[in-house]
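Here the structure comes first, spelled out in structure tokens, and everything after it is commentary.
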Amino acid sequence: MDSQVIVALMLSLVGGASTSLGALFVVLNPTPNLKVLGLLQGFASGLMLSISFMDLAHNAINSVGFLKANLWFFGGVALFALLVNFIPEPNLVPSQSQKVKKEKNHDDGEKDLMKKHRKQVLFSGIITAIGISLHNFPEGMAVFLGSIKGLRVGLNLALAIALHNIPEGVAVALPVYFATQSKWQAFKLASLSGLAEPLGVIIVAYLFPSSLSPEILEGLLGSVGGVMAFLTLHEMLPLAFDYAGQKQAVKAVFIGMAVMSTSLYLLEMSLPEDMAL
């Protein structure tokens with residue numbers, strides 16, 4: 001069990017560190033290429049959908065049956081959909097451009113308005129960091145449960161989540177950098193939001209017993225598949241469409257699915273039997 005926790009922690013740290021990579025993308029280039037971010041989101045969406053349906057849900061059906069697997073899967077969807085109502089929605093780019101245009105129409109109070117606007121943007125950045133931390137927490141749990149099942153599942157989940165977390169780091173760092181003009185503050189807050197992922201691993205390691213029955217484990221992983229599918233369709237794909245365009249984003253999705261399907265096959269063939277599914 002201890003070795004599983006260590007592996008899950010290492011994998012979740014990779015995912016958490018990817019938020020720092022997104023923050024670097026901002027501080028090194030304050031005007032990031034949104035089309036590239038959209039294509040990255042589309043690619044990560046393909047990875048996530050492939051994991052959800054072709055791996056986690058598929059294995060749950062084979063292990064616990066079609067009806068129980070669907071109950072677990074849609075239970076995860078319903079739970080995460082409920083949580084979303086209480087989690088602030090992160091915005092990739094703050095709408096400062098529109099507000100700044102309005103402020104320019106009032107020359108006398110422009111400086112005061114700009115100061116007030118920066119405070120509002122900073123607040124939105126902090127709220128975004130809180131929201132992304134709440135999103136990252138169950139992702140750490142998902143990586144832990146996947147690592148219990150096998151290294152292949154944990155690796156695939158960690159890879160998809162890491163790619164997904166890069167734009168999340170941008171979402172935190174961009175408004176903070178705009179408001180404070182401090183690259184360090186933007187990088188620090190984005191990096192801290194990523195630490196919620198390994199924290200989720202630590203907490204869930206103490207919540208679940210050292211040995212879960214195969215049926216419960218497969219059911220939980222089926223729920224993880226539902227969570228991943230909802231996260232992809234609710235948050236990742238809309239961003240990909242907005243910033244890369246629908247046609248390009250769809251291409252990126254299928255490329256991501258093809259890459260993940262290939263990795264599923266290669267990892268299954270290369271890993272020892274006791275580490276694979």
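Note on naming: chains are A, B, ... as they come in the structure tokens, residues start from 1 per chain, ligands start from 1 in the order shown.
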
### Message
What's around Pro214 in chain A at 10 Å? Count only C-alpha atoms, leave out sequence neighbours fewer than 2 positions away in its own chain, and write the answer as a ChimeraX atom specification.
### Response
/A:60,63-64,149,211-212,216-220

### Query
Do you know which residues are at most 12 Å from Gly222 in chain A counting only C-alpha atoms, after dropping those on the same chain fewer than 5 positions away, and could you put them as JSON, numbers by chain?
{"A": [51, 52, 53, 54, 55, 56, 57, 58, 59, 60, 61, 62, 63, 64, 65, 66, 67, 68, 69, 70, 71, 72, 73, 74, 75, 76, 77, 142, 145, 146, 149, 215, 216, 217, 227, 228, 229]}

Could you turn the residues from that selection into a file that holds N, CA and C atoms, as an mmCIF file, in the first residue's frame?
```
data_model
loop_
_atom_site.group_PDB
_atom_site.id
_atom_site.type_symbol
_atom_site.label_atom_id
_atom_site.label_comp_id
_atom_site.auth_asym_id
_atom_site.auth_seq_id
_atom_site.Cartn_x
_atom_site.Cartn_y
_atom_site.Cartn_z
ATOM 1 N N ILE A 51 -9.877 7.605 -22.220
ATOM 2 C CA ILE A 51 -9.734 6.945 -20.929
ATOM 3 C C ILE A 51 -11.091 6.612 -20.332
ATOM 4 N N SER A 52 -12.014 7.569 -20.402
ATOM 5 C CA SER A 52 -13.321 7.402 -19.759
ATOM 6 C C SER A 52 -14.106 6.239 -20.350
ATOM 7 N N PHE A 53 -14.205 6.207 -21.689
ATOM 8 C CA PHE A 53 -15.094 5.242 -22.334
ATOM 9 C C PHE A 53 -14.383 3.959 -22.747
ATOM 10 N N MET A 54 -13.158 4.071 -23.267
ATOM 11 C CA MET A 54 -12.475 2.897 -23.795
ATOM 12 C C MET A 54 -11.697 2.122 -22.744
ATOM 13 N N ASP A 55 -11.480 2.745 -21.607
ATOM 14 C CA ASP A 55 -10.687 2.081 -20.572
ATOM 15 C C ASP A 55 -11.501 1.875 -19.296
ATOM 16 N N LEU A 56 -11.815 2.984 -18.595
ATOM 17 C CA LEU A 56 -12.447 2.850 -17.282
ATOM 18 C C LEU A 56 -13.857 2.277 -17.366
ATOM 19 N N ALA A 57 -14.721 2.878 -18.189
ATOM 20 C CA ALA A 57 -16.091 2.384 -18.299
ATOM 21 C C ALA A 57 -16.117 0.980 -18.904
ATOM 22 N N HIS A 58 -15.282 0.736 -19.888
ATOM 23 C CA HIS A 58 -15.225 -0.586 -20.541
ATOM 24 C C HIS A 58 -14.847 -1.675 -19.543
ATOM 25 N N ASN A 59 -13.810 -1.411 -18.737
ATOM 26 C CA ASN A 59 -13.378 -2.406 -17.760
ATOM 27 C C ASN A 59 -14.411 -2.595 -16.653
ATOM 28 N N ALA A 60 -15.105 -1.512 -16.292
ATOM 29 C CA ALA A 60 -16.152 -1.639 -15.276
ATOM 30 C C ALA A 60 -17.286 -2.528 -15.781
ATOM 31 N N ILE A 61 -17.656 -2.378 -17.048
ATOM 32 C CA ILE A 61 -18.709 -3.230 -17.626
ATOM 33 C C ILE A 61 -18.287 -4.687 -17.610
ATOM 34 N N ASN A 62 -17.047 -4.960 -17.982
ATOM 35 C CA ASN A 62 -16.555 -6.329 -18.000
ATOM 36 C C ASN A 62 -16.473 -6.942 -16.607
ATOM 37 N N SER A 63 -16.251 -6.110 -15.596
ATOM 38 C CA SER A 63 -16.038 -6.631 -14.242
ATOM 39 C C SER A 63 -17.318 -6.742 -13.425
ATOM 40 N N VAL A 64 -18.192 -5.728 -13.503
ATOM 41 C CA VAL A 64 -19.370 -5.710 -12.628
ATOM 42 C C VAL A 64 -20.677 -5.818 -13.399
ATOM 43 N N GLY A 65 -20.622 -5.862 -14.723
ATOM 44 C CA GLY A 65 -21.838 -5.959 -15.519
ATOM 45 C C GLY A 65 -22.300 -4.611 -16.025
ATOM 46 N N PHE A 66 -23.113 -4.638 -17.072
ATOM 47 C CA PHE A 66 -23.531 -3.409 -17.751
ATOM 48 C C PHE A 66 -24.335 -2.496 -16.841
ATOM 49 N N LEU A 67 -25.312 -3.051 -16.116
ATOM 50 C CA LEU A 67 -26.195 -2.226 -15.296
ATOM 51 C C LEU A 67 -25.439 -1.563 -14.151
ATOM 52 N N LYS A 68 -24.667 -2.344 -13.387
ATOM 53 C CA LYS A 68 -23.929 -1.775 -12.262
ATOM 54 C C LYS A 68 -22.883 -0.771 -12.729
ATOM 55 N N ALA A 69 -22.230 -1.080 -13.846
ATOM 56 C CA ALA A 69 -21.213 -0.167 -14.366
ATOM 57 C C ALA A 69 -21.840 1.171 -14.747
ATOM 58 N N ASN A 70 -23.021 1.138 -15.342
ATOM 59 C CA ASN A 70 -23.696 2.382 -15.698
ATOM 60 C C ASN A 70 -24.139 3.160 -14.470
ATOM 61 N N LEU A 71 -24.557 2.445 -13.434
ATOM 62 C CA LEU A 71 -24.932 3.127 -12.191
ATOM 63 C C LEU A 71 -23.734 3.842 -11.579
ATOM 64 N N TRP A 72 -22.590 3.157 -11.555
ATOM 65 C CA TRP A 72 -21.373 3.779 -11.043
ATOM 66 C C TRP A 72 -20.971 4.969 -11.928
ATOM 67 N N PHE A 73 -21.002 4.773 -13.249
ATOM 68 C CA PHE A 73 -20.568 5.806 -14.190
ATOM 69 C C PHE A 73 -21.419 7.065 -14.056
ATOM 70 N N PHE A 74 -22.735 6.903 -14.137
ATOM 71 C CA PHE A 74 -23.613 8.074 -14.076
ATOM 72 C C PHE A 74 -23.722 8.625 -12.654
ATOM 73 N N GLY A 75 -23.402 7.795 -11.666
ATOM 74 C CA GLY A 75 -23.285 8.318 -10.309
ATOM 75 C C GLY A 75 -22.140 9.313 -10.211
ATOM 76 N N GLY A 76 -21.006 8.982 -10.855
ATOM 77 C CA GLY A 76 -19.896 9.928 -10.901
ATOM 78 C C GLY A 76 -20.253 11.193 -11.649
ATOM 79 N N VAL A 77 -20.973 11.050 -12.758
ATOM 80 C CA VAL A 77 -21.414 12.220 -13.528
ATOM 81 C C VAL A 77 -22.301 13.118 -12.671
ATOM 82 N N ALA A 142 -8.631 10.496 -8.246
ATOM 83 C CA ALA A 142 -8.749 9.632 -9.425
ATOM 84 C C ALA A 142 -7.415 8.971 -9.756
ATOM 85 N N LEU A 145 -6.814 6.130 -7.176
ATOM 86 C CA LEU A 145 -7.624 4.942 -7.448
ATOM 87 C C LEU A 145 -7.129 4.230 -8.700
ATOM 88 N N GLY A 146 -6.724 5.003 -9.706
ATOM 89 C CA GLY A 146 -6.173 4.389 -10.908
ATOM 90 C C GLY A 146 -4.883 3.657 -10.632
ATOM 91 N N LYS A 149 -5.471 0.252 -9.189
ATOM 92 C CA LYS A 149 -5.861 -0.708 -10.218
ATOM 93 C C LYS A 149 -4.650 -1.202 -10.998
ATOM 94 N N GLU A 215 -14.741 -5.639 -7.176
ATOM 95 C CA GLU A 215 -15.986 -5.050 -7.671
ATOM 96 C C GLU A 215 -16.106 -3.587 -7.266
ATOM 97 N N ILE A 216 -15.770 -3.278 -6.001
ATOM 98 C CA ILE A 216 -15.852 -1.895 -5.539
ATOM 99 C C ILE A 216 -14.831 -1.026 -6.259
ATOM 100 N N LEU A 217 -13.616 -1.564 -6.433
ATOM 101 C CA LEU A 217 -12.583 -0.805 -7.123
ATOM 102 C C LEU A 217 -12.980 -0.497 -8.559
ATOM 103 N N VAL A 227 -16.785 11.081 -14.054
ATOM 104 C CA VAL A 227 -16.278 12.409 -13.691
ATOM 105 C C VAL A 227 -15.423 12.977 -14.809
ATOM 106 N N MET A 228 -14.517 12.152 -15.356
ATOM 107 C CA MET A 228 -13.635 12.610 -16.426
ATOM 108 C C MET A 228 -14.432 12.997 -17.681
ATOM 109 N N ALA A 229 -15.465 12.215 -17.999
ATOM 110 C CA ALA A 229 -16.285 12.524 -19.170
ATOM 111 C C ALA A 229 -17.026 13.842 -18.984
#
```

### Query
Could you work out how far CA of Glu235 in chain A lies from CA of Ala252 in chain A, giving the answer in Å with one decimal?
15.7 Å

### Task
Within 8 Å of Val5 in chain A, counting only C-alpha atoms, which residues show up once you throw out same-chain ones fewer than 4 positions away? Write them as a PyMOL selection string, please.
chain A and resi 1+9+144+201-202+205

Now that the selection is made, can you save its residues with N, CA and C atoms as a PDB file, in the first residue's frame?
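Output file selection16.pdb is given in full below:
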```
ATOM      1  N   MET A   1       0.830  -1.206   0.000  1.00  0.00           N
ATOM      2  CA  MET A   1       0.000   0.000   0.000  1.00  0.00           C
ATOM      3  C   MET A   1       0.863   1.253   0.000  1.00  0.00           C
ATOM      4  N   LEU A   9       1.448   9.550  -5.534  1.00  0.00           N
ATOM      5  CA  LEU A   9       1.923  10.888  -5.202  1.00  0.00           C
ATOM      6  C   LEU A   9       2.818  11.442  -6.303  1.00  0.00           C
ATOM      7  N   PHE A 144      -5.020   8.292  -7.652  1.00  0.00           N
ATOM      8  CA  PHE A 144      -4.747   7.283  -6.620  1.00  0.00           C
ATOM      9  C   PHE A 144      -5.517   5.993  -6.891  1.00  0.00           C
ATOM     10  N   VAL A 201      -4.507  12.824  -3.109  1.00  0.00           N
ATOM     11  CA  VAL A 201      -3.943  11.478  -2.985  1.00  0.00           C
ATOM     12  C   VAL A 201      -3.735  11.122  -1.516  1.00  0.00           C
ATOM     13  N   ILE A 202      -3.154  12.037  -0.770  1.00  0.00           N
ATOM     14  CA  ILE A 202      -2.853  11.770   0.643  1.00  0.00           C
ATOM     15  C   ILE A 202      -4.117  11.491   1.439  1.00  0.00           C
ATOM     16  N   ALA A 205      -5.865   8.196   0.468  1.00  0.00           N
ATOM     17  CA  ALA A 205      -5.082   7.036   0.903  1.00  0.00           C
ATOM     18  C   ALA A 205      -5.465   6.621   2.310  1.00  0.00           C
TER      19      ALA A 205
END
```

### Task
Could you tell me how far CA of Phe86 in chain A lies from CA of Leu39 in chain A, in Å and to one decimal?
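If I compute the distance from CA of Phe86 in chain A to CA of Leu39 in chain A, I get 28.2 Å.
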
### Task
Can you work out which one of A:Val170, A:Val204, A:Val36, A:Leu83 has the shortest atom-to-atom distance to Ile148 in chain A, counting only C-alpha atoms?
A:Val204

## Note on the structure
For Leu189 in chain A, the closest of A:Gly256, A:Gly46, A:Gly169, A:Gly38 counting only C-alpha atoms is A:Gly169

### Task
Mind giving me the straight-line distance from CA of Ala244 in chain A to CA of Tyr265 in chain A in Å, one decimal?
29.2 Å

#### Entry: Residues within 9 Å of range 158-164 of chain A, only C-alpha atoms, excluding chain neighbours under 5 positions, as an MDAnalysis selection string
chainID A and resid 8 11:12 14:19 40:41 43:48 51 136 139:140 142:143 153 236 260
